[in-house]
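S.K.: Sending over start24.pdb (PDB, C-alpha atoms, pLDDT in the B column).
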```
ATOM      1  CA  MET Q   1       0.000   0.000   0.000  1.00 84.00           C
ATOM      2  CA  LYS Q   2       1.421   3.324  -1.073  1.00 90.00           C
ATOM      3  CA  ILE Q   3       1.189   6.474   1.025  1.00 90.00           C
ATOM      4  CA  SER Q   4      -0.687   8.234  -1.772  1.00 92.00           C
ATOM      5  CA  ASP Q   5      -3.337   5.500  -1.622  1.00 92.00           C
ATOM      6  CA  VAL Q   6      -3.620   5.936   2.129  1.00 91.00           C
ATOM      7  CA  ARG Q   7      -4.022   9.700   1.866  1.00 91.00           C
ATOM      8  CA  ALA Q   8      -6.911   9.211  -0.561  1.00 93.00           C
ATOM      9  CA  LEU Q   9      -8.913   7.281   2.072  1.00 92.00           C
ATOM     10  CA  THR Q  10     -11.441   8.851   4.425  1.00 91.00           C
ATOM     11  CA  LYS Q  11     -11.059   8.718   8.209  1.00 92.00           C
ATOM     12  CA  ASP Q  12     -13.500   5.836   8.516  1.00 94.00           C
ATOM     13  CA  GLN Q  13     -11.816   3.891   5.756  1.00 95.00           C
ATOM     14  CA  VAL Q  14      -8.455   4.338   7.469  1.00 94.00           C
ATOM     15  CA  LYS Q  15      -9.889   3.036  10.754  1.00 95.00           C
ATOM     16  CA  ASP Q  16     -11.425   0.039   9.010  1.00 96.00           C
ATOM     17  CA  GLU Q  17      -8.196  -0.716   7.183  1.00 96.00           C
ATOM     18  CA  VAL Q  18      -6.193  -0.584  10.424  1.00 97.00           C
ATOM     19  CA  LEU Q  19      -8.602  -3.021  12.066  1.00 97.00           C
ATOM     20  CA  LYS Q  20      -8.457  -5.354   9.084  1.00 98.00           C
ATOM     21  CA  LEU Q  21      -4.658  -5.322   9.055  1.00 97.00           C
ATOM     22  CA  ARG Q  22      -4.457  -5.905  12.809  1.00 98.00           C
ATOM     23  CA  LYS Q  23      -6.655  -9.005  12.437  1.00 98.00           C
ATOM     24  CA  GLU Q  24      -4.478 -10.269   9.605  1.00 97.00           C
ATOM     25  CA  GLN Q  25      -1.392  -9.573  11.682  1.00 97.00           C
ATOM     26  CA  LEU Q  26      -2.816 -11.629  14.532  1.00 97.00           C
ATOM     27  CA  ASN Q  27      -3.608 -14.517  12.189  1.00 97.00           C
ATOM     28  CA  LEU Q  28      -0.082 -14.419  10.770  1.00 97.00           C
ATOM     29  CA  ARG Q  29       1.396 -14.518  14.262  1.00 96.00           C
ATOM     30  CA  PHE Q  30      -0.637 -17.631  15.030  1.00 96.00           C
ATOM     31  CA  GLN Q  31       0.484 -19.218  11.769  1.00 96.00           C
ATOM     32  CA  ARG Q  32       4.115 -18.441  12.532  1.00 96.00           C
ATOM     33  CA  ALA Q  33       3.845 -19.912  16.018  1.00 96.00           C
ATOM     34  CA  SER Q  34       2.340 -23.127  14.668  1.00 96.00           C
ATOM     35  CA  GLY Q  35       4.851 -23.373  11.810  1.00 95.00           C
ATOM     36  CA  GLN Q  36       2.288 -22.907   9.025  1.00 95.00           C
ATOM     37  CA  LEU Q  37       3.404 -19.490   7.781  1.00 93.00           C
ATOM     38  CA  GLU Q  38       4.629 -19.576   4.179  1.00 94.00           C
ATOM     39  CA  LYS Q  39       4.881 -15.877   3.283  1.00 93.00           C
ATOM     40  CA  THR Q  40       7.073 -14.561   6.079  1.00 94.00           C
ATOM     41  CA  HIS Q  41       7.585 -11.204   4.340  1.00 96.00           C
ATOM     42  CA  ARG Q  42       3.873 -10.462   4.766  1.00 96.00           C
ATOM     43  CA  ILE Q  43       4.382  -9.781   8.495  1.00 96.00           C
ATOM     44  CA  ASN Q  44       6.724  -6.872   7.753  1.00 97.00           C
ATOM     45  CA  GLN Q  45       4.475  -5.546   4.995  1.00 97.00           C
ATOM     46  CA  ILE Q  46       1.483  -5.436   7.314  1.00 97.00           C
ATOM     47  CA  ARG Q  47       3.475  -3.775  10.079  1.00 97.00           C
ATOM     48  CA  LYS Q  48       4.631  -1.047   7.699  1.00 97.00           C
ATOM     49  CA  ASP Q  49       1.140  -0.578   6.255  1.00 96.00           C
ATOM     50  CA  ILE Q  50      -0.264  -0.101   9.753  1.00 97.00           C
ATOM     51  CA  ALA Q  51       2.453   2.468  10.453  1.00 96.00           C
ATOM     52  CA  ARG Q  52       1.558   4.353   7.258  1.00 96.00           C
ATOM     53  CA  LEU Q  53      -2.111   4.393   8.191  1.00 96.00           C
ATOM     54  CA  LYS Q  54      -1.372   5.566  11.731  1.00 96.00           C
ATOM     55  CA  THR Q  55       0.904   8.307  10.391  1.00 95.00           C
ATOM     56  CA  VAL Q  56      -1.849   9.637   8.138  1.00 94.00           C
ATOM     57  CA  GLN Q  57      -4.328   9.446  11.034  1.00 94.00           C
ATOM     58  CA  SER Q  58      -2.107  11.457  13.348  1.00 95.00           C
ATOM     59  CA  ALA Q  59      -1.313  14.015  10.647  1.00 93.00           C
ATOM     60  CA  ALA Q  60      -5.015  14.500   9.995  1.00 90.00           C
ATOM     61  CA  ALA Q  61      -5.670  14.917  13.715  1.00 91.00           C
ATOM     62  CA  LYS Q  62      -2.928  17.568  14.007  1.00 93.00           C
ATOM     63  CA  ALA Q  63      -4.234  19.420  10.969  1.00 88.00           C
ATOM     64  CA  LYS Q  64      -7.522  20.212  12.714  1.00 75.00           C
TER      65      LYS Q  64
END
```
Mind turning this structure into structure tokens?
M.R.:
Amino acid sequence: MKISDVRALTKDQVKDEVLKLRKEQLNLRFQRASGQLEKTHRINQIRKDIARLKTVQSAAAKAK
């Protein structure tokens, strides 16, 4: 997910996306613990996507 894509989202969409990514992150952690995780790079991608979303959220909050 690119930062330009994130900036195009509304506040509610950003919240929903963060929740969705957190759930996926939890599922990946369970898969890693049980040895079923195949795409290990996905964990880092999700973590960075969440950080991008949070950055846009905080910037929007400061802009008010």
S.K.: Can you spell out as a short mmCIF file (atom, residue, chain, number, x, y, z; two decimals) with C-alpha atoms, in the coordinates of the input the set of residues that the PyMOL selection byres ((chain Q and resi 7) around 12) selects in the structure I just provided?
M.R.:
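Output contents, as saved in result-v2.cif:
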```
data_model
loop_
_atom_site.label_atom_id
_atom_site.label_comp_id
_atom_site.auth_asym_id
_atom_site.auth_seq_id
_atom_site.Cartn_x
_atom_site.Cartn_y
_atom_site.Cartn_z
CA MET Q 1 0.00 0.00 0.00
CA LYS Q 2 1.42 3.32 -1.07
CA ILE Q 3 1.19 6.47 1.02
CA SER Q 4 -0.69 8.23 -1.77
CA ASP Q 5 -3.34 5.50 -1.62
CA VAL Q 6 -3.62 5.94 2.13
CA ALA Q 8 -6.91 9.21 -0.56
CA LEU Q 9 -8.91 7.28 2.07
CA THR Q 10 -11.44 8.85 4.42
CA LYS Q 11 -11.06 8.72 8.21
CA GLN Q 13 -11.82 3.89 5.76
CA VAL Q 14 -8.46 4.34 7.47
CA ARG Q 52 1.56 4.35 7.26
CA LEU Q 53 -2.11 4.39 8.19
CA LYS Q 54 -1.37 5.57 11.73
CA THR Q 55 0.90 8.31 10.39
CA VAL Q 56 -1.85 9.64 8.14
CA GLN Q 57 -4.33 9.45 11.03
CA SER Q 58 -2.11 11.46 13.35
CA ALA Q 59 -1.31 14.02 10.65
CA ALA Q 60 -5.01 14.50 9.99
#
```
S.K.: Leaving out range 28-31 of chain Q and any residue of its chain fewer than 5 positions from it, which residues lie within 8 Å of it when counting all atoms listed in the file, given as a ChimeraX atom specification?
M.R.: /Q:36-37,43
S.K.: Separation of CA of Lys15 in chain Q and CA of Ala63 in chain Q, in Å?
M.R.: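 Going from CA of Lys15 in chain Q over to CA of Ala63 in chain Q, I get 17.3 Å.
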S.K.: For CA of Lys48 in chain Q and CA of Glu17 in chain Q, quote the distance in Å rounded to one decimal.
M.R.: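 Between CA of Lys48 in chain Q and CA of Glu17 in chain Q the gap works out to 12.8 Å.
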S.K.: CA of Ile46 in chain Q and CA of Lys23 in chain Q, how far apart in Å?
M.R.: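 CA of Ile46 in chain Q lies at a distance of 10.3 Å from CA of Lys23 in chain Q.
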S.K.: Around range 33-51 of chain Q, fit a box with edges along x, y and z, padding it by 8 Å on each side, then list its centre and edge lengths in Å to one decimal as lines of an AutoDock Vina configuration file.
M.R.:
```
center_x = 3.7
center_y = -10.5
center_z = 9.7
size_x = 23.8
size_y = 41.8
size_z = 28.7
```
